[in-house]
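For reference, work_7.txt is printed below; it contains compact mmCIF, C-alpha atoms and all ligand atoms.
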# COMPACT_ATOMS: atom_id res chain seq x y z
CA MET A 1 28.32 -13.52 -35.77
CA LYS A 2 27.86 -10.52 -33.51
CA PHE A 3 26.60 -11.02 -29.96
CA PHE A 4 24.29 -8.47 -28.36
CA LEU A 5 23.09 -8.67 -24.76
CA ASP A 6 19.33 -8.43 -24.32
CA THR A 7 19.16 -6.69 -20.95
CA ALA A 8 19.08 -3.34 -19.17
CA ASP A 9 21.06 -4.74 -16.23
CA ILE A 10 24.17 -2.57 -16.22
CA ALA A 11 26.13 -4.83 -13.86
CA GLU A 12 25.60 -7.81 -16.17
CA ILE A 13 26.55 -5.71 -19.20
CA ARG A 14 29.78 -4.49 -17.55
CA ASP A 15 30.69 -7.99 -16.45
CA LEU A 16 30.19 -9.64 -19.84
CA ALA A 17 31.56 -6.68 -21.83
CA ALA A 18 34.85 -7.31 -20.01
CA THR A 19 35.18 -10.55 -22.03
CA GLY A 20 35.52 -8.43 -25.17
CA LEU A 21 32.82 -10.55 -26.82
CA VAL A 22 29.82 -8.21 -26.51
CA ASP A 23 29.11 -6.30 -29.72
CA GLY A 24 26.01 -4.42 -28.65
CA VAL A 25 22.97 -4.31 -26.37
CA THR A 26 19.22 -4.45 -26.91
CA THR A 27 16.64 -3.21 -24.44
CA ASN A 28 12.86 -3.09 -24.48
CA PRO A 29 10.25 -1.55 -22.17
CA SER A 30 9.88 -4.82 -20.22
CA LEU A 31 13.64 -5.02 -19.58
CA VAL A 32 13.78 -1.36 -18.52
CA ALA A 33 10.86 -1.95 -16.13
CA LYS A 34 12.72 -4.97 -14.71
CA SER A 35 15.84 -2.84 -14.10
CA GLY A 36 13.84 -0.34 -12.02
CA ARG A 37 15.96 2.44 -13.54
CA ASN A 38 15.10 5.67 -15.35
CA PHE A 39 14.96 4.78 -19.07
CA ILE A 40 17.06 7.62 -20.48
CA GLU A 41 19.64 7.36 -17.69
CA VAL A 42 20.13 3.61 -17.98
CA VAL A 43 20.38 3.72 -21.79
CA ARG A 44 22.96 6.54 -21.60
CA GLU A 45 24.98 4.51 -19.11
CA ILE A 46 24.86 1.40 -21.32
CA CYS A 47 26.07 3.48 -24.31
CA GLY A 48 29.11 4.42 -22.23
CA VAL A 49 29.96 0.79 -21.50
CA VAL A 50 29.43 -0.75 -24.95
CA SER A 51 30.72 0.94 -28.10
CA GLY A 52 28.46 -1.06 -30.46
CA PRO A 53 24.77 -0.42 -31.15
CA VAL A 54 22.47 -0.01 -28.14
CA SER A 55 18.78 -0.40 -28.96
CA ALA A 56 16.36 1.90 -27.15
CA GLU A 57 12.67 1.37 -27.87
CA THR A 58 10.02 3.98 -28.59
CA THR A 59 6.73 3.55 -26.74
CA ALA A 60 4.29 5.66 -28.80
CA THR A 61 2.13 3.86 -31.35
CA ASP A 62 1.36 6.83 -33.63
CA HIS A 63 3.92 8.00 -36.17
CA PRO A 64 4.33 11.70 -35.13
CA THR A 65 4.92 10.86 -31.46
CA MET A 66 7.08 7.85 -32.30
CA LEU A 67 9.23 10.03 -34.57
CA ALA A 68 9.65 12.65 -31.84
CA GLU A 69 10.59 9.92 -29.34
CA GLY A 70 13.01 8.36 -31.83
CA ARG A 71 14.72 11.68 -32.48
CA LYS A 72 15.10 12.24 -28.74
CA LEU A 73 16.51 8.74 -28.19
CA ALA A 74 18.93 9.09 -31.13
CA LYS A 75 20.45 12.15 -29.43
CA ILE A 76 21.42 10.19 -26.30
CA ALA A 77 24.60 8.82 -27.90
CA LYS A 78 26.14 8.06 -31.29
CA ASN A 79 25.65 4.31 -30.83
CA ILE A 80 21.89 4.42 -30.21
CA ALA A 81 19.72 2.29 -32.48
CA VAL A 82 16.12 3.48 -32.22
CA LYS A 83 13.78 0.55 -31.84
CA VAL A 84 10.34 0.79 -33.45
CA PRO A 85 7.58 -1.82 -33.72
CA LEU A 86 6.76 -3.57 -36.96
CA THR A 87 3.56 -1.61 -37.64
CA PRO A 88 2.69 0.82 -40.46
CA ASP A 89 3.48 3.74 -38.13
CA GLY A 90 6.69 2.06 -37.00
CA LEU A 91 7.92 1.52 -40.55
CA LYS A 92 7.03 5.08 -41.55
CA THR A 93 9.07 6.25 -38.58
CA CYS A 94 11.88 3.85 -39.54
CA LYS A 95 12.07 5.29 -43.03
CA MET A 96 12.31 8.87 -41.76
CA LEU A 97 14.84 8.14 -39.02
CA HIS A 98 16.95 6.16 -41.51
CA ALA A 99 16.88 9.16 -43.89
CA GLU A 100 18.09 11.32 -41.00
CA GLY A 101 21.06 9.01 -40.46
CA ALA A 102 19.86 7.19 -37.35
CA MET A 103 20.28 3.44 -36.84
CA VAL A 104 16.87 1.76 -36.57
CA ASN A 105 15.97 -1.64 -35.15
CA VAL A 106 12.54 -2.85 -36.30
CA THR A 107 11.26 -5.13 -33.57
CA LEU A 108 8.40 -7.60 -33.04
CA CYS A 109 8.93 -9.27 -36.41
CA PHE A 110 7.11 -12.59 -36.73
CA SER A 111 6.91 -13.21 -40.49
CA ALA A 112 9.08 -13.08 -43.59
CA ALA A 113 6.62 -10.64 -45.18
CA GLN A 114 7.15 -8.26 -42.27
CA ALA A 115 10.93 -8.62 -42.63
CA ILE A 116 10.71 -7.61 -46.29
CA LEU A 117 8.82 -4.48 -45.27
CA ALA A 118 11.46 -3.64 -42.64
CA ALA A 119 14.25 -3.91 -45.22
CA LYS A 120 12.32 -1.73 -47.66
CA ALA A 121 11.89 0.85 -44.89
CA GLY A 122 15.68 1.03 -44.46
CA ALA A 123 15.95 -0.75 -41.12
CA THR A 124 19.50 -1.21 -39.89
CA PHE A 125 18.33 -4.31 -38.01
CA VAL A 126 15.23 -6.47 -38.09
CA SER A 127 14.42 -8.43 -34.92
CA PRO A 128 12.55 -11.71 -35.48
CA PHE A 129 11.51 -13.23 -32.13
CA VAL A 130 12.41 -16.92 -32.36
CA GLY A 131 11.53 -17.99 -28.81
CA ARG A 132 8.05 -16.51 -28.93
CA LEU A 133 7.33 -18.33 -32.21
CA ASP A 134 8.57 -21.60 -30.70
CA ASP A 135 6.28 -20.92 -27.72
CA ILE A 136 3.19 -21.02 -29.95
CA GLY A 137 4.27 -24.19 -31.78
CA GLU A 138 5.81 -22.49 -34.81
CA SER A 139 9.47 -22.63 -35.83
CA GLY A 140 11.48 -19.53 -35.02
CA MET A 141 14.46 -20.87 -36.94
CA ALA A 142 12.39 -21.51 -40.08
CA LEU A 143 11.63 -17.79 -40.04
CA ILE A 144 15.33 -16.93 -39.71
CA ARG A 145 16.12 -19.24 -42.63
CA ASP A 146 13.47 -17.51 -44.78
CA ILE A 147 14.62 -13.98 -43.91
CA VAL A 148 18.31 -14.72 -44.48
CA GLU A 149 17.48 -16.35 -47.82
CA ILE A 150 15.27 -13.48 -48.96
CA TYR A 151 17.71 -10.73 -47.95
CA ARG A 152 20.51 -12.54 -49.85
CA GLN A 153 18.52 -12.15 -53.10
CA TYR A 154 18.63 -8.34 -53.00
CA GLN A 155 21.83 -6.32 -52.83
CA GLY A 156 19.74 -3.24 -52.01
CA PHE A 157 18.60 -4.78 -48.72
CA LYS A 158 21.20 -3.67 -46.18
CA THR A 159 19.23 -4.78 -43.11
CA GLU A 160 20.99 -7.16 -40.72
CA VAL A 161 19.10 -10.07 -39.17
CA LEU A 162 19.15 -9.62 -35.40
CA VAL A 163 17.82 -12.85 -33.95
CA ALA A 164 15.86 -11.96 -30.80
CA SER A 165 13.93 -13.80 -28.10
CA ILE A 166 16.82 -16.28 -27.87
CA ARG A 167 16.19 -18.71 -25.02
CA HIS A 168 19.10 -21.19 -25.13
CA PRO A 169 22.52 -21.82 -26.74
CA MET A 170 21.10 -23.95 -29.57
CA HIS A 171 19.14 -20.94 -30.80
CA VAL A 172 22.51 -19.16 -31.13
CA VAL A 173 24.15 -22.11 -32.90
CA GLU A 174 21.25 -22.61 -35.32
CA ALA A 175 21.09 -18.89 -36.12
CA ALA A 176 24.85 -18.88 -36.79
CA LYS A 177 24.52 -21.90 -39.11
CA LEU A 178 21.92 -19.97 -41.09
CA GLY A 179 24.19 -16.94 -41.41
CA ALA A 180 22.20 -14.50 -39.28
CA GLN A 181 24.46 -11.54 -38.58
CA ILE A 182 23.52 -10.98 -34.92
CA GLY A 183 22.03 -12.80 -31.96
CA THR A 184 20.72 -10.89 -28.96
CA MET A 185 20.54 -12.99 -25.84
CA PRO A 186 19.97 -12.71 -22.09
CA PRO A 187 23.20 -12.73 -20.04
CA THR A 188 22.36 -16.22 -18.76
CA VAL A 189 22.40 -17.60 -22.32
CA MET A 190 25.70 -15.89 -23.14
CA ARG A 191 27.25 -17.43 -20.02
CA GLN A 192 25.91 -20.87 -21.05
CA LEU A 193 27.77 -20.59 -24.36
CA PHE A 194 31.10 -20.89 -22.55
CA LEU A 195 30.21 -24.10 -20.77
CA HIS A 196 30.96 -27.74 -21.51
CA PRO A 197 31.47 -30.43 -18.83
CA LEU A 198 34.42 -31.90 -20.77
CA THR A 199 36.15 -28.51 -20.67
CA ASP A 200 35.89 -28.48 -16.85
CA LYS A 201 36.92 -32.13 -16.55
CA GLY A 202 39.86 -31.71 -18.95
CA LEU A 203 41.09 -28.57 -17.22
CA ALA A 204 40.94 -30.22 -13.78
CA ALA A 205 43.02 -33.16 -15.09
CA PHE A 206 45.61 -30.88 -16.71
CA LEU A 207 45.95 -28.82 -13.53
CA ALA A 208 46.32 -31.91 -11.34
CA ASP A 209 49.11 -33.26 -13.59
CA TRP A 210 50.80 -29.86 -13.77
CA LYS A 211 50.85 -29.64 -9.97
CA LYS A 212 52.78 -32.93 -9.87
CA THR A 213 55.59 -31.36 -11.92
CA GLY A 214 56.22 -28.72 -9.24
CA GLN A 215 56.86 -26.17 -12.00
CA SER A 216 55.55 -22.62 -12.52
CA ILE A 217 55.48 -20.92 -15.91
CA LEU A 218 56.01 -17.49 -14.40
CA GLY A 219 58.51 -18.83 -11.87
CA ASP A 220 60.03 -16.15 -9.70
CA ALA A 221 58.28 -13.41 -11.68
CA LYS A 222 54.95 -14.55 -10.24
CA ALA A 223 56.26 -14.35 -6.69
CA ALA A 224 57.79 -10.92 -7.37
CA ALA A 225 54.52 -9.60 -8.84
CA ALA A 226 52.61 -10.83 -5.79
CA GLU A 227 54.90 -8.92 -3.40
O1 LIG B 1 14.20 -7.78 -26.80
C1 LIG B 1 13.28 -8.54 -27.49
C2 LIG B 1 13.32 -10.03 -27.23
O2 LIG B 1 14.62 -10.49 -27.24
C3 LIG B 1 12.48 -10.49 -26.09
O3 LIG B 1 12.71 -11.84 -25.73
O4 LIG B 1 12.42 -13.74 -24.18
O5 LIG B 1 10.94 -11.72 -23.94
O6 LIG B 1 10.66 -13.28 -25.85
P1 LIG B 1 11.63 -12.69 -24.88

Output the file's structure in the form of structure tokens.
Amino acid sequence: MKFFLDTADIAEIRDLAATGLVDGVTTNPSLVAKSGRNFIEVVREICGVVSGPVSAETTATDHPTMLAEGRKLAKIAKNIAVKVPLTPDGLKTCKMLHAEGAMVNVTLCFSAAQAILAAKAGATFVSPFVGRLDDIGESGMALIRDIVEIYRQYQGFKTEVLVASIRHPMHVVEAAKLGAQIGTMPPTVMRQLFLHPLTDKGLAAFLADWKKTGQSILGDAKAAAAE
């Protein structure tokens, strides 16, 4: 499963990218607004930090303007994925940008029917929002199960399922169990994935016992390197 960070916070992206476990980044207008940065500038900077796909969202709602925006965004860097909304104009734009060789992320997907349309339009990624479905009493994961199952029936569907609106580690685990290719998550959720109290407790016990031995794996080399 690939992990994308859902943020426009460049410091967070740099920090987590250093783990080697970040495969891409997704942004949206709300995240850009939160960053307080110029949209084009911040997206260009993110593309320099992460080599995988970086989603940058169009903001027009009509096809001609959305297409012009998408073409402009696609020129920022080779790893840009143009994000368009799951609307008739968005899918028309998706189809054209796909034909031009751009990666396209179709966002704001809330039904399996919509996901079928995105695949037919040649989307590189479809973004179903699991957290927002959970928020209204529906099951985000049931939607992921449906989309994964449907896409598996058709070899011609090349679209990857990019699980979005992830709110906690169990969303990541459940999406992985269903075979979704990607999860995009806030930095806080990615950090939570590393944590388990028994890991901390076990490590503390090992270190305490190791100290009693008086040994050092690096021995003199460690002291020499510190000089
Ligand atoms: O980037 C789209 C999506 O991940 C937004 O998540 O938490 O605002 O529903 P959220």

Could you make a table, as a tab-separated table, of the residues of chain A that have an atom within 10 Å of an atom of ligand LIG 1 (chain B), each with its nearest atom pair and distance in Å to one decimal, counting all atoms listed in the file, in chain and number order?
residue	atom	partner	partner_atom	distance
A:Phe4	CA	B:LIG1	O2	9.9
A:Leu5	CA	B:LIG1	O2	9.0
A:Asp6	CA	B:LIG1	O1	5.7
A:Thr7	CA	B:LIG1	O1	7.7
A:Val25	CA	B:LIG1	O1	9.4
A:Thr26	CA	B:LIG1	O1	6.0
A:Thr27	CA	B:LIG1	O1	5.7
A:Asn28	CA	B:LIG1	O1	5.4
A:Pro29	CA	B:LIG1	O1	8.7
A:Ser30	CA	B:LIG1	O5	7.9
A:Leu31	CA	B:LIG1	O1	7.7
A:Ser55	CA	B:LIG1	O1	9.0
A:Ala56	CA	B:LIG1	O1	9.9
A:Glu57	CA	B:LIG1	O1	9.3
A:Lys83	CA	B:LIG1	O1	9.7
A:Thr107	CA	B:LIG1	C1	7.3
A:Leu108	CA	B:LIG1	C1	7.4
A:Cys109	CA	B:LIG1	C1	10.0
A:Ser127	CA	B:LIG1	C1	7.5
A:Pro128	CA	B:LIG1	C2	8.5
A:Phe129	CA	B:LIG1	C2	6.1
A:Val130	CA	B:LIG1	O6	7.7
A:Gly131	CA	B:LIG1	O6	5.6
A:Arg132	CA	B:LIG1	O6	5.2
A:Leu133	CA	B:LIG1	O6	8.8
A:Asp134	CA	B:LIG1	O6	9.9
A:Asp135	CA	B:LIG1	O6	9.0
A:Leu162	CA	B:LIG1	O2	9.4
A:Val163	CA	B:LIG1	O2	7.8
A:Ala164	CA	B:LIG1	O2	4.0
A:Ser165	CA	B:LIG1	O3	3.3
A:Ile166	CA	B:LIG1	O2	6.2
A:Arg167	CA	B:LIG1	O4	6.3
A:Gly183	CA	B:LIG1	O2	9.1
A:Thr184	CA	B:LIG1	O2	6.4
A:Met185	CA	B:LIG1	O2	6.6
A:Pro186	CA	B:LIG1	O2	7.8

Saved selection, atoms kept: C-alpha atoms, as a PDB file, in the coordinates of the input:
ATOM      1  CA  PHE A   4      24.290  -8.470 -28.360  1.00  0.00           C
ATOM      2  CA  LEU A   5      23.090  -8.670 -24.760  1.00  0.00           C
ATOM      3  CA  ASP A   6      19.330  -8.430 -24.320  1.00  0.00           C
ATOM      4  CA  THR A   7      19.160  -6.690 -20.950  1.00  0.00           C
ATOM      5  CA  VAL A  25      22.970  -4.310 -26.370  1.00  0.00           C
ATOM      6  CA  THR A  26      19.220  -4.450 -26.910  1.00  0.00           C
ATOM      7  CA  THR A  27      16.640  -3.210 -24.440  1.00  0.00           C
ATOM      8  CA  ASN A  28      12.860  -3.090 -24.480  1.00  0.00           C
ATOM      9  CA  PRO A  29      10.250  -1.550 -22.170  1.00  0.00           C
ATOM     10  CA  SER A  30       9.880  -4.820 -20.220  1.00  0.00           C
ATOM     11  CA  LEU A  31      13.640  -5.020 -19.580  1.00  0.00           C
ATOM     12  CA  SER A  55      18.780  -0.400 -28.960  1.00  0.00           C
ATOM     13  CA  ALA A  56      16.360   1.900 -27.150  1.00  0.00           C
ATOM     14  CA  GLU A  57      12.670   1.370 -27.870  1.00  0.00           C
ATOM     15  CA  LYS A  83      13.780   0.550 -31.840  1.00  0.00           C
ATOM     16  CA  THR A 107      11.260  -5.130 -33.570  1.00  0.00           C
ATOM     17  CA  LEU A 108       8.400  -7.600 -33.040  1.00  0.00           C
ATOM     18  CA  CYS A 109       8.930  -9.270 -36.410  1.00  0.00           C
ATOM     19  CA  SER A 127      14.420  -8.430 -34.920  1.00  0.00           C
ATOM     20  CA  PRO A 128      12.550 -11.710 -35.480  1.00  0.00           C
ATOM     21  CA  PHE A 129      11.510 -13.230 -32.130  1.00  0.00           C
ATOM     22  CA  VAL A 130      12.410 -16.920 -32.360  1.00  0.00           C
ATOM     23  CA  GLY A 131      11.530 -17.990 -28.810  1.00  0.00           C
ATOM     24  CA  ARG A 132       8.050 -16.510 -28.930  1.00  0.00           C
ATOM     25  CA  LEU A 133       7.330 -18.330 -32.210  1.00  0.00           C
ATOM     26  CA  ASP A 134       8.570 -21.600 -30.700  1.00  0.00           C
ATOM     27  CA  ASP A 135       6.280 -20.920 -27.720  1.00  0.00           C
ATOM     28  CA  LEU A 162      19.150  -9.620 -35.400  1.00  0.00           C
ATOM     29  CA  VAL A 163      17.820 -12.850 -33.950  1.00  0.00           C
ATOM     30  CA  ALA A 164      15.860 -11.960 -30.800  1.00  0.00           C
ATOM     31  CA  SER A 165      13.930 -13.800 -28.100  1.00  0.00           C
ATOM     32  CA  ILE A 166      16.820 -16.280 -27.870  1.00  0.00           C
ATOM     33  CA  ARG A 167      16.190 -18.710 -25.020  1.00  0.00           C
ATOM     34  CA  GLY A 183      22.030 -12.800 -31.960  1.00  0.00           C
ATOM     35  CA  THR A 184      20.720 -10.890 -28.960  1.00  0.00           C
ATOM     36  CA  MET A 185      20.540 -12.990 -25.840  1.00  0.00           C
ATOM     37  CA  PRO A 186      19.970 -12.710 -22.090  1.00  0.00           C
TER      38      PRO A 186
END

So for region 88-104 of chain A, what box centre and size do we get, axis-aligned, 4 Å extra on each of the six sides, every listed atom, Å to one decimal, as AutoDock Vina command-line options?
--center_x 11.9 --center_y 6.1 --center_z -40.2 --size_x 26.4 --size_y 18.5 --size_z 15.3

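Atom pair CA of Met66 (chain A) / CA of Lys34 (chain A) has a distance of 22.5 Å (rounded to one decimal).
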
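Near Glu149 (chain A), within 10 Å and counting only C-alpha atoms, sit Ala112, Leu143, Leu178, Gly179 and Ala180 of chain A; same-chain residues fewer than 6 positions away were not included.
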
Next, write the just-selected residues to a file, as a JSON list (two decimals), in the coordinates of the input, keeping C-alpha atoms as the atom set.
[["chain", "number", "residue", "atom", "x", "y", "z"],
["A", 112, "ALA", "CA", 9.08, -13.08, -43.59],
["A", 143, "LEU", "CA", 11.63, -17.79, -40.04],
["A", 178, "LEU", "CA", 21.92, -19.97, -41.09],
["A", 179, "GLY", "CA", 24.19, -16.94, -41.41],
["A", 180, "ALA", "CA", 22.20, -14.50, -39.28]]

For this session: Show which residues sit within 10 Å of Ala113 (chain A), as JSON, numbers by chain. Count only C-alpha atoms, and ignore same-chain residues fewer than 3 positions away.
Result: {"A": [109, 110, 116, 117, 118, 146, 147, 150]}

For this session: Rounded to one decimal place, report the CA of Asp89 (chain A)-CA of Ile76 (chain A) distance in Å.
Result: 22.4 Å
